[in-house]
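Taking it in order: structure first as structure tokens, then the write-up.
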Amino acid sequence: MSEVGLVPFARVALQVSREVVPAYSHRFSPQRFTQPQLLAILCLMRYEDWTFRAAEVRLAEHAELRRALELRSVPDYSTLFRFMLRVEEQMIAQVLAEVVRRFQSRRSAPSQDKRIVAVDATGLAPGSISTFFIRRREQHGGAPMPWRYWLKWLLAVDTRLRLILAQKAHQGPVNDCATLRPLLDEVVECTCIGTVVADAEFDSERNHQHIRQQIGAHSVIPAKRGKLSWKLHGVRAQMRSAFPAERYRQRVHAETVFSAIKRKLSAKAPGRSLTTQRKQALLLGLAYNIYKLWPLHFRLPISAQAFQQSYAPSDYLRASSAAQA
């Protein structure tokens, strides 16, 4: 296994988890593995898109990765699965906030600086069925695939750092207009917001007033188009008459983050239950932030950072191994 990439990621994930997560859940714990170790392994699984069984096999194969995680033995796949069911979403959010704090400090970007925050949502697949399989089944079977709910993943992204500041996950499709306010309240705890940019899905006078009065930031949300446009009032009427298109273009950075995650890490939130899928999505966002943090943590040369950002993790490791050989 190459030292560049997977092993530094594991080290940073373990260090960040130890800052927030207690070592053991209770005093009668078997104490074979600590909670930060198990959480770091879950982040590794999302970073490399491993299954639980694949994570057990990979850890058993590579002593260097075990040393980075300070493991004396390899956890069974059932241990990892039970820990994922036991870990709380609030704990994942706290670890995410710790990664954001470290990233901002190492980029000389204090949290007091007011940021442009883009809010957007995307869908994650509940399984690994390819679009090619779906098309072939519909062509030969003569009937479409049975409709299933999918997971909707909502992110608040720093447009300058392209870092996830807060995240939510729930069953889709559903309108996320009411979830904007609690999402931004999480961001305010660790970052000062100057401007909030979101699409028309989050358009409501209540959201505008919450952003401008409670948070003290500017809101850029286009008013929904429809037959009742003459009933618009307040900030929504201002958005219709004089829309700040230049500021609204900053929302593209949220799409960039979604594209990077789905290309480099994963586009799935696997699981048979909604609870499992939600935690898989939140762990995916945490893994992305750690993926952004570890080059700064180990202070790689600029050329190495550019090379790391231009390859997917698996391609990057193969290219590094080939260069060493």
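Here's how to read the names in the structure tokens: chain A, B, ... by the order shown, residue numbers from 1 in each chain, ligand numbers from 1 in the order shown.
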
With a cut-off of 8 Å, could you pull out the residues of region 73-126 of chain A touching region 257-268 of chain A and give me the nearest pair of atoms for each, distance in Å to one decimal, using only C-alpha atoms, ordered by chain and ascending number, as JSON lines?
{"residue": "A:Thr122", "atom": "CA", "partner": "A:Phe258", "partner_atom": "CA", "distance": 7.5}
{"residue": "A:Leu124", "atom": "CA", "partner": "A:Lys268", "partner_atom": "CA", "distance": 5.0}
{"residue": "A:Ala125", "atom": "CA", "partner": "A:Lys268", "partner_atom": "CA", "distance": 4.6}
{"residue": "A:Pro126", "atom": "CA", "partner": "A:Lys268", "partner_atom": "CA", "distance": 5.9}

File of the preceding selection, C-alpha atoms, as a PDB file, in the first residue's frame:
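Contents of part_6.pdb, freshly written:
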ATOM      1  CA  THR A 122     -28.531  16.130  -4.396  1.00  0.00           C
ATOM      2  CA  LEU A 124     -27.671   9.480  -3.477  1.00  0.00           C
ATOM      3  CA  ALA A 125     -28.393   5.995  -4.740  1.00  0.00           C
ATOM      4  CA  PRO A 126     -29.474   3.441  -2.092  1.00  0.00           C
TER       5      PRO A 126
END

Need to verify the contact set: Leu274 (chain A), 10 Å, only C-alpha atoms, exclusion of same-chain residues closer than 2 positions in sequence. Can you return it as a ChimeraX atom specification?
/A:126,149-151,169-171,269-272,276-280

Which residue gives the smallest distance to Thr34 (chain A) among A:Thr51, A:Asn289, A:Thr79, A:Thr179, with only C-alpha atoms counted?
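Between A:Thr51, A:Asn289, A:Thr79, A:Thr179, the residue approaching Thr34 (chain A) most closely is A:Thr79.
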
As a PyMOL selection string, please: all residues of region 46-284 of chain A that backbone DSSP puts in strand (DSSP E).
chain A and resi 114-124+150-158+163-172+192-198+218-220

Selected residues written out with N, CA and C atoms, as a tab-separated table (two decimals), in the first residue's frame:
chain	number	residue	atom	x	y	z
A	114	LYS	N	-16.57	36.73	7.38
A	114	LYS	CA	-17.90	36.40	6.88
A	114	LYS	C	-17.78	35.70	5.53
A	115	ARG	N	-18.50	34.59	5.40
A	115	ARG	CA	-18.36	33.73	4.23
A	115	ARG	C	-19.63	33.74	3.39
A	116	ILE	N	-19.43	33.35	2.14
A	116	ILE	CA	-20.56	33.08	1.25
A	116	ILE	C	-20.87	31.59	1.36
A	117	VAL	N	-22.07	31.27	1.78
A	117	VAL	CA	-22.48	29.88	1.99
A	117	VAL	C	-23.53	29.52	0.94
A	118	ALA	N	-23.24	28.47	0.19
A	118	ALA	CA	-24.18	27.97	-0.82
A	118	ALA	C	-24.88	26.73	-0.29
A	119	VAL	N	-26.18	26.70	-0.42
A	119	VAL	CA	-26.99	25.58	0.06
A	119	VAL	C	-27.62	24.89	-1.14
A	120	ASP	N	-27.46	23.59	-1.20
A	120	ASP	CA	-28.03	22.83	-2.31
A	120	ASP	C	-28.22	21.39	-1.87
A	121	ALA	N	-28.94	20.62	-2.66
A	121	ALA	CA	-29.23	19.22	-2.34
A	121	ALA	C	-29.00	18.37	-3.57
A	122	THR	N	-28.72	17.10	-3.32
A	122	THR	CA	-28.53	16.13	-4.40
A	122	THR	C	-29.07	14.78	-3.94
A	123	GLY	N	-29.19	13.86	-4.87
A	123	GLY	CA	-29.67	12.53	-4.54
A	123	GLY	C	-28.54	11.52	-4.51
A	124	LEU	N	-28.63	10.58	-3.59
A	124	LEU	CA	-27.67	9.48	-3.48
A	124	LEU	C	-28.40	8.16	-3.68
A	150	TRP	N	-35.44	7.51	-2.73
A	150	TRP	CA	-34.00	7.70	-2.76
A	150	TRP	C	-33.64	8.67	-1.64
A	151	LEU	N	-32.36	8.74	-1.33
A	151	LEU	CA	-31.90	9.57	-0.23
A	151	LEU	C	-31.55	10.95	-0.74
A	152	LYS	N	-32.05	11.98	-0.08
A	152	LYS	CA	-31.75	13.36	-0.44
A	152	LYS	C	-30.74	13.91	0.57
A	153	TRP	N	-29.66	14.47	0.04
A	153	TRP	CA	-28.53	14.93	0.85
A	153	TRP	C	-28.41	16.44	0.69
A	154	LEU	N	-28.54	17.15	1.78
A	154	LEU	CA	-28.54	18.61	1.79
A	154	LEU	C	-27.25	19.11	2.41
A	155	LEU	N	-26.56	20.03	1.71
A	155	LEU	CA	-25.27	20.54	2.16
A	155	LEU	C	-25.27	22.06	2.22
A	156	ALA	N	-24.52	22.59	3.19
A	156	ALA	CA	-24.16	24.00	3.24
A	156	ALA	C	-22.66	24.08	3.01
A	157	VAL	N	-22.24	24.75	1.93
A	157	VAL	CA	-20.86	24.71	1.44
A	157	VAL	C	-20.25	26.10	1.50
A	158	ASP	N	-19.01	26.17	1.99
A	158	ASP	CA	-18.23	27.40	1.92
A	158	ASP	C	-17.74	27.55	0.47
A	163	LEU	N	-15.76	23.65	1.16
A	163	LEU	CA	-15.77	22.78	2.31
A	163	LEU	C	-17.20	22.66	2.82
A	164	ILE	N	-17.57	21.47	3.27
A	164	ILE	CA	-18.90	21.24	3.82
A	164	ILE	C	-18.95	21.78	5.24
A	165	LEU	N	-19.86	22.72	5.50
A	165	LEU	CA	-20.00	23.32	6.82
A	165	LEU	C	-21.08	22.65	7.65
A	166	ALA	N	-22.11	22.14	7.02
A	166	ALA	CA	-23.18	21.43	7.71
A	166	ALA	C	-23.90	20.57	6.69
A	167	GLN	N	-24.58	19.52	7.16
A	167	GLN	CA	-25.25	18.60	6.25
A	167	GLN	C	-26.45	17.96	6.93
A	168	LYS	N	-27.42	17.57	6.10
A	168	LYS	CA	-28.60	16.84	6.53
A	168	LYS	C	-28.90	15.77	5.48
A	169	ALA	N	-29.57	14.72	5.90
A	169	ALA	CA	-29.95	13.65	4.97
A	169	ALA	C	-31.33	13.14	5.38
A	170	HIS	N	-32.18	12.91	4.38
A	170	HIS	CA	-33.52	12.39	4.65
A	170	HIS	C	-34.05	11.75	3.39
A	171	GLN	N	-35.19	11.12	3.51
A	171	GLN	CA	-35.78	10.42	2.39
A	171	GLN	C	-36.34	11.42	1.38
A	172	GLY	N	-36.12	11.14	0.09
A	172	GLY	CA	-36.62	12.01	-0.96
A	172	GLY	C	-37.61	11.27	-1.85
A	192	CYS	N	-18.95	32.55	10.60
A	192	CYS	CA	-19.74	33.77	10.39
A	192	CYS	C	-20.20	33.82	8.93
A	193	ILE	N	-21.49	34.00	8.73
A	193	ILE	CA	-22.07	33.99	7.38
A	193	ILE	C	-22.29	35.42	6.92
A	194	GLY	N	-21.83	35.71	5.71
A	194	GLY	CA	-22.07	37.01	5.11
A	194	GLY	C	-23.19	36.99	4.11
A	195	THR	N	-23.26	35.91	3.31
A	195	THR	CA	-24.28	35.78	2.27
A	195	THR	C	-24.69	34.32	2.17
A	196	VAL	N	-25.97	34.08	2.01
A	196	VAL	CA	-26.52	32.74	1.78
A	196	VAL	C	-27.09	32.69	0.39
A	197	VAL	N	-26.63	31.72	-0.40
A	197	VAL	CA	-27.09	31.55	-1.78
A	197	VAL	C	-27.77	30.19	-1.89
A	198	ALA	N	-28.99	30.17	-2.38
A	198	ALA	CA	-29.74	28.92	-2.54
A	198	ALA	C	-30.67	29.05	-3.73
A	218	HIS	N	-26.91	38.42	4.16
A	218	HIS	CA	-27.70	38.68	2.97
A	218	HIS	C	-28.23	37.34	2.43
A	219	SER	N	-29.42	37.38	1.90
A	219	SER	CA	-30.03	36.18	1.32
A	219	SER	C	-30.24	36.39	-0.17
A	220	VAL	N	-29.79	35.42	-0.95
A	220	VAL	CA	-29.97	35.45	-2.41
A	220	VAL	C	-30.67	34.17	-2.80

Write down as an MDAnalysis selection string the residues of region 106-310 of chain A whose backbone DSSP state falls under helix (DSSP H, G or I).
chainID A and resid 106 131:141 177:188 200:202 205:215 229:231 234:241 245:264 274:297 302:310

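What separates CA of Val12 (chain A) from CA of Leu71 (chain A) is a distance of 14.9 Å.
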
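Reported to one decimal place, the separation of CA of Ile215 (chain A) from CA of His233 (chain A) is 20.8 Å.
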
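The two atoms in question, CA of Leu286 (chain A) and CA of Cys43 (chain A), are spaced 7.1 Å apart.
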
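Among the candidate residues A:Ile92, A:Ala97, A:Leu184, A:Val235, the one lying nearest to Glu205 (chain A) is A:Val235, with distances computed using only C-alpha atoms.
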
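When only C-alpha atoms are used to compute distances to Ile41 (chain A), the closest of the residues A:Ala13, A:Leu293, A:Ala60, A:Val21 turns out to be A:Ala13.
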